[in-house]
Structure formats: C-alpha cells, structure tokens
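Trainee: Contents of target_19.txt (compact mmCIF, C-alpha atoms):
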```
# COMPACT_ATOMS: atom_id res chain seq x y z
CA MET A 666 2.51 10.13 -13.89
CA PRO A 667 5.18 10.00 -11.15
CA SER A 668 8.19 12.22 -11.49
CA GLU A 669 11.58 10.78 -12.35
CA PRO A 670 12.92 9.16 -9.16
CA SER A 671 16.12 10.33 -7.58
CA PRO A 672 18.80 7.75 -6.79
CA LEU A 673 18.13 5.94 -3.53
CA ALA A 674 21.51 6.99 -2.22
CA ASP A 675 20.49 10.68 -2.43
CA GLN A 676 17.31 10.24 -0.40
CA PRO A 677 16.51 9.16 3.17
CA LEU A 678 15.19 5.59 3.15
CA LYS A 679 11.80 4.97 4.69
CA PHE A 680 12.35 1.20 4.60
CA GLU A 681 15.51 -0.83 4.18
CA ALA A 682 15.56 -4.63 4.06
CA LYS A 683 18.64 -6.85 4.06
CA ASN A 684 18.33 -10.60 3.47
CA LEU A 685 14.77 -10.48 4.79
CA SER A 686 12.84 -13.77 5.07
CA ARG A 687 9.55 -14.99 6.52
CA SER A 688 8.63 -18.66 6.79
CA PHE A 689 5.70 -20.54 8.29
CA GLY A 690 5.50 -24.07 9.67
CA HIS A 691 8.27 -26.58 10.32
CA GLY A 692 9.96 -29.55 8.68
CA LYS A 693 8.13 -30.90 5.66
CA LYS A 694 5.37 -28.34 6.18
CA LEU A 695 7.77 -25.39 6.05
CA VAL A 696 6.59 -22.65 3.67
CA GLU A 697 9.01 -19.87 2.76
CA ALA A 698 6.69 -16.97 1.96
CA VAL A 699 9.49 -14.40 1.60
CA LYS A 700 13.05 -15.51 0.79
CA ASN A 701 16.16 -13.46 1.43
CA VAL A 702 15.00 -10.17 -0.14
CA SER A 703 16.93 -6.90 0.01
CA PHE A 704 15.68 -3.47 -1.05
CA GLY A 705 15.39 0.20 -0.16
CA ILE A 706 12.30 2.41 -0.35
CA ALA A 707 13.01 6.13 -0.58
CA SER A 708 10.95 8.79 1.15
CA ARG A 709 8.02 10.14 -0.90
CA ASP A 710 8.36 7.50 -3.63
CA ILE A 711 5.59 5.24 -4.92
CA ILE A 712 6.82 1.64 -4.96
CA SER A 713 4.79 -1.19 -6.48
CA ILE A 714 5.27 -4.80 -5.39
CA VAL A 715 4.00 -6.85 -8.34
CA GLY A 716 3.35 -10.57 -8.64
CA GLN A 717 0.77 -13.30 -8.99
CA SER A 718 -1.26 -14.64 -6.06
CA GLY A 719 0.88 -16.57 -3.59
CA CYS A 720 4.15 -14.89 -4.57
CA GLY A 721 4.69 -13.42 -1.09
CA LYS A 722 3.85 -9.77 -1.78
CA THR A 723 1.16 -9.51 0.90
CA VAL A 724 3.37 -11.17 3.52
CA LEU A 725 6.10 -8.67 2.68
CA ALA A 726 3.59 -5.82 3.03
CA LYS A 727 2.52 -7.16 6.44
CA MET A 728 6.15 -7.14 7.61
CA LEU A 729 6.37 -3.47 6.60
CA LEU A 730 3.24 -2.93 8.70
CA ARG A 731 4.62 -4.90 11.65
CA LEU A 732 1.78 -7.40 11.34
CA GLU A 733 4.28 -10.19 10.58
CA THR A 734 7.67 -10.72 12.21
CA PRO A 735 10.69 -11.57 10.03
CA SER A 736 12.13 -15.07 10.47
CA SER A 737 15.59 -13.77 9.55
CA GLY A 738 17.33 -10.74 8.11
CA THR A 739 16.76 -7.09 9.04
CA LEU A 740 14.02 -4.58 8.27
CA SER A 741 14.36 -0.93 9.25
CA PHE A 742 12.04 2.06 9.19
CA ASN A 743 13.57 5.55 9.22
CA GLY A 744 16.91 3.94 10.05
CA LYS A 745 15.64 2.00 13.09
CA PRO A 746 14.83 -1.74 13.20
CA ILE A 747 11.08 -2.38 13.10
CA GLY A 748 9.87 -3.90 16.35
CA ASN A 749 12.12 -1.94 18.66
CA GLU A 750 9.11 0.08 19.83
CA ARG A 751 7.54 -1.41 22.93
CA ASP A 752 4.13 -0.32 21.66
CA ALA A 753 3.21 -1.29 18.08
CA ARG A 754 0.95 1.76 17.93
CA GLU A 755 4.08 3.88 17.66
CA HIS A 756 4.78 2.23 14.30
CA TRP A 757 1.15 2.41 13.20
CA ARG A 758 1.06 6.16 13.77
CA SER A 759 3.55 6.40 10.91
CA VAL A 760 2.61 3.40 8.72
CA GLN A 761 -1.00 2.67 7.76
CA ALA A 762 -2.74 0.46 5.19
CA VAL A 763 -5.76 0.09 2.95
CA PHE A 764 -6.68 -3.47 2.03
CA GLN A 765 -8.41 -5.36 -0.77
CA ASP A 766 -11.60 -5.96 1.25
CA PRO A 767 -12.62 -2.71 2.97
CA PHE A 768 -15.52 -4.37 4.80
CA SER A 769 -13.10 -6.53 6.80
CA ALA A 770 -11.42 -3.37 8.12
CA PHE A 771 -14.63 -2.01 9.68
CA ASN A 772 -16.86 -3.42 12.42
CA GLN A 773 -20.30 -4.00 10.92
CA PHE A 774 -22.04 -3.20 14.24
CA PHE A 775 -20.78 0.38 14.61
CA THR A 776 -21.52 3.40 12.44
CA ILE A 777 -18.99 4.61 9.91
CA ARG A 778 -18.61 7.95 11.64
CA SER A 779 -17.97 6.45 15.08
CA GLN A 780 -15.24 4.24 13.61
CA LEU A 781 -13.58 7.14 11.81
CA LYS A 782 -13.56 9.03 15.11
CA SER A 783 -11.99 6.02 16.84
CA SER A 784 -8.93 6.54 14.59
CA PHE A 785 -7.87 9.32 16.98
CA LYS A 786 -7.09 6.68 19.62
CA LEU A 787 -3.76 6.17 17.82
CA PHE A 788 -2.78 9.77 18.53
CA LYS A 789 -0.61 10.60 21.52
CA ARG A 790 -2.92 13.52 22.27
CA LYS A 791 -6.60 13.00 21.49
CA PRO A 792 -8.19 16.19 20.08
CA GLU A 793 -11.26 17.81 21.59
CA GLU A 794 -14.64 16.51 20.40
CA GLU A 795 -15.33 19.53 18.20
CA GLU A 796 -11.94 19.20 16.47
CA MET A 797 -12.47 15.46 15.88
CA GLU A 798 -15.86 16.10 14.28
CA ALA A 799 -14.38 18.79 12.03
CA ARG A 800 -11.46 16.58 10.97
CA VAL A 801 -13.78 13.66 10.18
CA ASP A 802 -15.90 15.99 8.04
CA ALA A 803 -12.80 17.28 6.24
CA ALA A 804 -11.56 13.72 5.61
CA LEU A 805 -14.91 12.70 4.13
CA MET A 806 -14.95 15.75 1.88
CA ALA A 807 -11.40 14.94 0.75
CA VAL A 808 -12.69 11.66 -0.74
CA ASN A 809 -15.76 13.34 -2.25
CA ILE A 810 -18.25 12.14 0.37
CA LYS A 811 -20.63 14.63 1.95
CA PRO A 812 -20.74 13.98 5.72
CA LYS A 813 -24.55 13.74 5.72
CA GLU A 814 -24.32 10.85 3.18
CA VAL A 815 -22.86 8.54 5.85
CA GLU A 816 -24.53 10.03 8.93
CA GLY A 817 -25.95 7.15 11.01
CA LYS A 818 -24.96 4.56 8.42
CA TYR A 819 -23.22 1.23 8.98
CA PRO A 820 -20.59 -0.38 6.69
CA PHE A 821 -23.05 -2.88 5.19
CA GLU A 822 -25.17 0.01 3.92
CA LEU A 823 -22.42 1.31 1.63
CA SER A 824 -21.02 -0.01 -1.66
CA GLY A 825 -17.51 -1.45 -2.06
CA GLY A 826 -16.30 1.73 -3.73
CA GLN A 827 -17.72 3.90 -0.95
CA MET A 828 -16.10 1.70 1.69
CA GLN A 829 -12.71 1.97 -0.02
CA ARG A 830 -13.14 5.73 0.22
CA MET A 831 -13.86 5.34 3.95
CA LEU A 832 -10.48 3.62 4.32
CA LEU A 833 -8.84 6.53 2.50
CA ALA A 834 -10.75 9.03 4.66
CA ARG A 835 -9.20 7.35 7.70
CA ILE A 836 -5.77 7.87 6.14
CA PHE A 837 -6.54 11.58 5.74
CA ILE A 838 -7.36 11.66 9.47
CA LEU A 839 -4.23 9.79 10.59
CA ARG A 840 -1.82 11.46 8.14
CA PRO A 841 0.85 8.71 8.26
CA GLN A 842 4.28 8.91 6.67
CA VAL A 843 3.67 5.69 4.70
CA LEU A 844 0.60 4.07 3.15
CA ILE A 845 0.59 0.37 2.26
CA ALA A 846 -2.09 -0.16 -0.40
CA ASP A 847 -2.74 -3.90 -0.83
CA GLU A 848 -4.81 -4.47 -4.01
CA PRO A 849 -7.14 -1.55 -3.10
CA THR A 850 -8.81 -1.48 -6.53
CA SER A 851 -9.39 -5.18 -7.20
CA MET A 852 -12.92 -5.41 -5.75
CA VAL A 853 -14.45 -2.33 -7.38
CA ASP A 854 -15.65 -1.40 -10.86
CA ALA A 855 -13.58 0.52 -13.39
CA CYS A 856 -15.05 3.92 -12.48
CA SER A 857 -14.43 3.42 -8.75
CA ARG A 858 -10.95 2.08 -9.54
CA ALA A 859 -10.00 5.28 -11.34
CA ASN A 860 -11.39 7.38 -8.49
CA ILE A 861 -9.46 5.44 -5.85
CA LEU A 862 -6.22 5.89 -7.79
CA ASP A 863 -6.93 9.62 -8.00
CA TYR A 864 -7.47 9.76 -4.23
CA LEU A 865 -4.22 7.86 -3.65
CA MET A 866 -2.35 10.44 -5.73
CA LYS A 867 -4.14 13.20 -3.82
CA LEU A 868 -3.03 11.62 -0.54
CA LYS A 869 0.55 11.46 -1.70
CA GLN A 870 0.56 15.09 -2.82
CA GLU A 871 -1.27 16.58 0.17
CA LEU A 872 0.42 14.52 2.89
CA ASP A 873 3.83 14.19 1.17
CA MET A 874 3.76 10.47 1.91
CA THR A 875 5.45 7.31 0.69
CA ILE A 876 3.15 4.72 -0.90
CA VAL A 877 3.78 0.99 -1.24
CA PHE A 878 1.30 -0.35 -3.80
CA VAL A 879 0.73 -4.13 -3.83
CA THR A 880 -0.79 -5.45 -7.07
CA HIS A 881 -0.80 -8.24 -9.64
CA ASP A 882 -1.23 -5.71 -12.47
CA ILE A 883 2.12 -4.56 -13.86
CA GLY A 884 0.41 -2.16 -16.27
CA LEU A 885 -1.21 -0.29 -13.39
CA ALA A 886 2.06 -0.38 -11.45
CA CYS A 887 3.94 1.20 -14.34
CA TYR A 888 1.43 4.04 -14.53
CA ILE A 889 1.72 5.14 -10.88
CA SER A 890 5.15 4.00 -9.67
CA ASP A 891 8.61 5.45 -9.26
CA SER A 892 10.01 1.93 -8.86
CA ILE A 893 8.74 -1.65 -9.26
CA PHE A 894 9.62 -4.85 -7.38
CA ILE A 895 8.69 -8.06 -9.22
CA MET A 896 8.07 -10.96 -6.83
CA HIS A 897 7.91 -14.68 -7.60
CA GLU A 898 7.85 -17.57 -5.13
CA GLY A 899 8.93 -15.34 -2.28
CA GLU A 900 11.82 -13.66 -4.06
CA ILE A 901 12.26 -10.26 -5.67
CA VAL A 902 13.38 -11.39 -9.13
CA GLU A 903 13.65 -7.89 -10.61
CA GLN A 904 13.49 -4.30 -9.40
CA GLY A 905 14.01 -0.87 -10.87
CA PRO A 906 12.26 2.12 -12.50
CA PRO A 907 9.21 1.24 -14.63
CA ALA A 908 10.94 2.12 -17.91
CA GLN A 909 13.80 -0.24 -17.09
CA VAL A 910 11.67 -3.12 -15.82
CA THR A 911 9.24 -3.01 -18.76
CA GLY A 912 11.62 -1.79 -21.47
CA SER A 913 14.31 -4.41 -20.97
CA PRO A 914 13.01 -7.06 -18.54
CA SER A 915 15.66 -9.50 -17.35
CA SER A 916 13.28 -12.01 -15.76
CA ALA A 917 10.94 -14.45 -17.49
CA VAL A 918 8.41 -13.68 -14.73
CA THR A 919 8.39 -10.00 -15.72
CA ARG A 920 7.94 -10.89 -19.39
CA GLN A 921 4.97 -13.12 -18.51
CA LEU A 922 3.38 -10.35 -16.44
CA LEU A 923 3.80 -7.99 -19.40
CA ASP A 924 2.11 -10.51 -21.70
CA ASP A 925 -0.82 -10.77 -19.28
CA ILE A 926 -1.63 -7.07 -18.82
CA PRO A 927 -5.11 -5.91 -19.91
CA ASP A 928 -5.27 -4.23 -23.31
CA VAL A 929 -6.52 -0.99 -21.72
CA HIS A 930 -3.20 -0.63 -19.88
CA ARG A 931 -0.90 -1.41 -22.81
CA PRO A 932 -0.51 2.22 -23.95
CA TRP A 933 1.18 2.90 -20.58
CA ILE A 934 3.97 0.41 -21.35
CA LYS A 935 6.85 1.10 -23.70
CA ARG A 936 6.25 -0.69 -26.95
CA GLY A 937 9.62 -2.43 -26.86
CA ALA A 938 8.71 -4.31 -23.70
CA LEU A 939 5.89 -6.10 -25.47
CA ASP A 940 7.57 -6.98 -28.77
```
Represent the supplied structure as structure tokens.
Mentor:
Amino acid sequence: MPSEPSPLADQPLKFEAKNLSRSFGHGKKLVEAVKNVSFGIASRDIISIVGQSGCGKTVLAKMLLRLETPSSGTLSFNGKPIGNERDAREHWRSVQAVFQDPFSAFNQFFTIRSQLKSSFKLFKRKPEEEEMEARVDAALMAVNIKPKEVEGKYPFELSGGQMQRMLLARIFILRPQVLIADEPTSMVDACSRANILDYLMKLKQELDMTIVFVTHDIGLACYISDSIFIMHEGEIVEQGPPAQVTGSPSSAVTRQLLDDIPDVHRPWIKRGALD
C-alpha cells in the first residue's frame, strides 16, 4: 500500500496543469476530449486517472507524454512548460510509458533483445556495447526473465504477460523520472496482472519515480495510489486521496464506479463508500 501522501504544496510538482484542454475537429464535428482541467502531480507519488472508456483519460496521458498538444491552458513538467524543448527526446528521457497493448510498442520484425538495446538511442551518451548488453541482462532479470529465455526471439513468440514485462524491462533500462502506465494490466490474466503490479511497485521503489496509472478500475486505483483523479466526459469531476474519494464521494460518477468494482477488489475500499 502507498504511504500517506504529503500535501502537494510541500513537494516539488512533476506536472502542473491549469485550465488544460484538448479538442479535435471543428464546428459541428468538434470533440472536446479534455475540458479545462487543473491539477498537480507531486514527485514520487502514484496518481491514478480513473474513468470509463471515452472519458478522456488516455488523451490526458498523451499530453503528459508530449504525444498530444494542448488546445488551450498550460501544462508544465518540473516547472517548465512542456514543448519548450526543441527535441521531444529530451522530454522522453524523463517521461516514459507502458501501454495496454505491448505488441503495438514493439516491431514484430526485430528481436526483443535488439529492440531493448535500441532504447539507448534516447541517451545523450550511448554506452559501450559491453555495458549495453549487461544493462539489458540486468533489466530482464529485474522483471524475472532469464536473458536466454528471449535470446533470438521476436515479439510474436512471447505471451501478452511476457511482452508487458518487456515494456517494463525497457523502463528499467531508461530509468525515467515518470512512468505513464495506461491500462497495463487489462490484456493479461489475473496472475500476470498481479506480477505486473508488483513490478510497477518495484520500479517506483528502485528508481524513486513518479507513476501515473490510467485505469477504469477504481478498486485497483485505490490499492496502489496516493491520489485519484476521476474523469468523466473530459473533465476531472473529483480528485483527492483514495480514502477521501471512496469514503465520501462527492460525484455521482465516483459512486457509480464504486458500484461497478469487481468483488475481489471490494476489501480494499472503505466499507462506508459502498453503503
């Protein structure tokens, strides 16, 4: 379980958004994916963005990654507006992601090992070959994969759970300040899901990183998070520590999410939130 969060004002903010919006299209076809949201994410916290499909949580995550550009408002990272770097790789050295479909993040025509080694291209100084090989081996071992198990193998030869671990191995190689985890457990079985969550917690502890966890499962979010943002139709309708959000929800959207959580997660939620 996460430790009790310190007040945002007492910690350096990794991300700060003020009246942030992102829209697509024009006129009658205008879609407001994110509407006028404001928030702060403290260093070393685990923040969960929770909501149903289409609520805007993935678009918001992509703005944090600099994969989408805000239509209006401001978004800062470490006190500096995102996008001020001439080279986006400067941002990606510090902010990385694991996604719902790990196969889409790897080229099916290149071996796993060669693609893990290509991660070093983001570094300002590329290590020597021997160091790269050693760091790839260490990253694989960190996610409980013996290097010989993936030697010469391609992404399509591994299971979904193994491929999610390859994404996490790449994070161990890159050692970013922030990890954006967009539904990383939704395509794997229960056993693999538990393992991936364990590896995420290991990443946070070993690399002292901030994690933004994107999910539709408020029960899971409550278990791992220091703070929760509830999104609905592009807006953050409620935010705060898990005990506050689930114990005395102010939004009907939050109450519906609590009603919908799987029975296996209900022991993680305060009883009063479900009565």
Trainee: Need the shell around Ser737 of chain A: protein/DNA/RNA residues with any atom at most 8 Å away, counting only C-alpha atoms. Skip same-chain ones fewer than 5 positions apart. Format as JSON, numbers by chain?
Mentor: {"A": [684, 685, 686, 687]}
Trainee: Between atom CA of Val918 of chain A and atom CA of Gly705 of chain A, measure the distance and give it in Å to one decimal.
Mentor: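 Taking atom CA of Val918 of chain A as the start and atom CA of Gly705 of chain A as the end point, the length is 21.3 Å.
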Trainee: Name the residues within 9 Å of (-11.9, 14.9, 10.0), counting only C-alpha atoms in the file's coordinates, and put them as a PyMOL selection string.
Mentor: chain A and resi 781-782+796-806+834-835+837-838
Trainee: Give me a file of those residues, with C-alpha atoms, as a short mmCIF file (atom, residue, chain, number, x, y, z; two decimals), keeping the file's coordinate frame.
Mentor:
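The result, written out as out07.cif:
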```cif
data_model
loop_
_atom_site.label_atom_id
_atom_site.label_comp_id
_atom_site.auth_asym_id
_atom_site.auth_seq_id
_atom_site.Cartn_x
_atom_site.Cartn_y
_atom_site.Cartn_z
CA LEU A 781 -13.58 7.14 11.81
CA LYS A 782 -13.56 9.03 15.11
CA GLU A 796 -11.94 19.20 16.47
CA MET A 797 -12.47 15.46 15.88
CA GLU A 798 -15.86 16.10 14.28
CA ALA A 799 -14.38 18.79 12.03
CA ARG A 800 -11.46 16.58 10.97
CA VAL A 801 -13.78 13.66 10.18
CA ASP A 802 -15.90 15.99 8.04
CA ALA A 803 -12.80 17.28 6.24
CA ALA A 804 -11.56 13.72 5.61
CA LEU A 805 -14.91 12.70 4.13
CA MET A 806 -14.95 15.75 1.88
CA ALA A 834 -10.75 9.03 4.66
CA ARG A 835 -9.20 7.35 7.70
CA PHE A 837 -6.54 11.58 5.74
CA ILE A 838 -7.36 11.66 9.47
#
```
Trainee: Would you list the contacts of segment 762-778 of chain A as a list of chain:residue names, taking every protein, DNA or RNA residue within 7 Å and counting only C-alpha atoms, but skipping same-chain residues closer than 5 positions in sequence?
Mentor: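 Once the nearby chain positions are removed, what remains is A:Val815, A:Glu816, A:Gly817, A:Lys818, A:Tyr819, A:Pro820, A:Phe821, A:Met828, A:Gln829, A:Leu832, A:Leu844, A:Ile845, A:Ala846, A:Asp847, A:Glu848, A:Pro849, A:Thr850, A:Ser851, A:Met852.
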Trainee: Between A:Ser708, A:Ala682, A:Asp925, A:Val715, which is the closest to Leu729 of chain A once you count all atoms listed in the file?
Mentor: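 Checking each candidate against Leu729 of chain A, we get A:Ala682 as the closest.
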Trainee: So how far away is atom CA of His756 of chain A from atom CA of Gly744 of chain A, in Å?
Mentor: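 So the two atoms, atom CA of Gly744 of chain A and atom CA of His756 of chain A, lie 13.0 Å apart.
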Trainee: Go through A:Ala908, A:Leu730, A:Leu678, A:Ile901 and flag the residue nearest Ile706 of chain A, using only C-alpha atoms for the distances.
Mentor: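 Smallest separation from Ile706 of chain A among the options: A:Leu678.
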Trainee: What does the structure give for the distance between atom CA of Met874 of chain A and atom CA of Val724 of chain A, in Å to one decimal?
Mentor: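 According to the coordinates, atom CA of Met874 of chain A and atom CA of Val724 of chain A are separated by 21.7 Å.
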Trainee: Would you mind telling me which residue in A:Lys745, A:Lys791, A:Lys693, A:Lys722 lies nearest to His881 of chain A when using all atoms listed in the file?
Mentor: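 Once distances to His881 of chain A are computed over all atoms listed in the file, the minimum belongs to A:Lys722.
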Trainee: Go through A:Ile883, A:Ser892, A:Gln780, A:Gly825 and flag the residue nearest Gln717 of chain A, using only C-alpha atoms for the distances.
Mentor: A:Ile883
Trainee: Can you pull out the residues contacting Phe704 of chain A? Cut-off 12 Å, using only C-alpha atoms, and skip same-chain residues under 6 positions away; I want them as an MDAnalysis selection string.
Mentor: chainID A and resid 673 678:685 712 714 725 738:741 892:895 900:905
Trainee: Can you spit out the residues from that selection as a tab-separated table (two decimals), in the frame of the given file, using C-alpha atoms?
Mentor:
```
chain	number	residue	atom	x	y	z
A	673	LEU	CA	18.13	5.94	-3.53
A	678	LEU	CA	15.19	5.59	3.15
A	679	LYS	CA	11.80	4.97	4.69
A	680	PHE	CA	12.35	1.20	4.60
A	681	GLU	CA	15.51	-0.83	4.18
A	682	ALA	CA	15.56	-4.63	4.06
A	683	LYS	CA	18.64	-6.85	4.06
A	684	ASN	CA	18.33	-10.60	3.47
A	685	LEU	CA	14.77	-10.48	4.79
A	712	ILE	CA	6.82	1.64	-4.96
A	714	ILE	CA	5.27	-4.80	-5.39
A	725	LEU	CA	6.10	-8.67	2.68
A	738	GLY	CA	17.33	-10.74	8.11
A	739	THR	CA	16.76	-7.09	9.04
A	740	LEU	CA	14.02	-4.58	8.27
A	741	SER	CA	14.36	-0.93	9.25
A	892	SER	CA	10.01	1.93	-8.86
A	893	ILE	CA	8.74	-1.65	-9.26
A	894	PHE	CA	9.62	-4.85	-7.38
A	895	ILE	CA	8.69	-8.06	-9.22
A	900	GLU	CA	11.82	-13.66	-4.06
A	901	ILE	CA	12.26	-10.26	-5.67
A	902	VAL	CA	13.38	-11.39	-9.13
A	903	GLU	CA	13.65	-7.89	-10.61
A	904	GLN	CA	13.49	-4.30	-9.40
A	905	GLY	CA	14.01	-0.87	-10.87
```
Trainee: Can you find the residues with an atom no farther than 10 Å from (0.5, 6.5, 16.7), counting only C-alpha atoms, and report them as a ChimeraX atom specification?
Mentor: /A:752-761,784-790,839,841
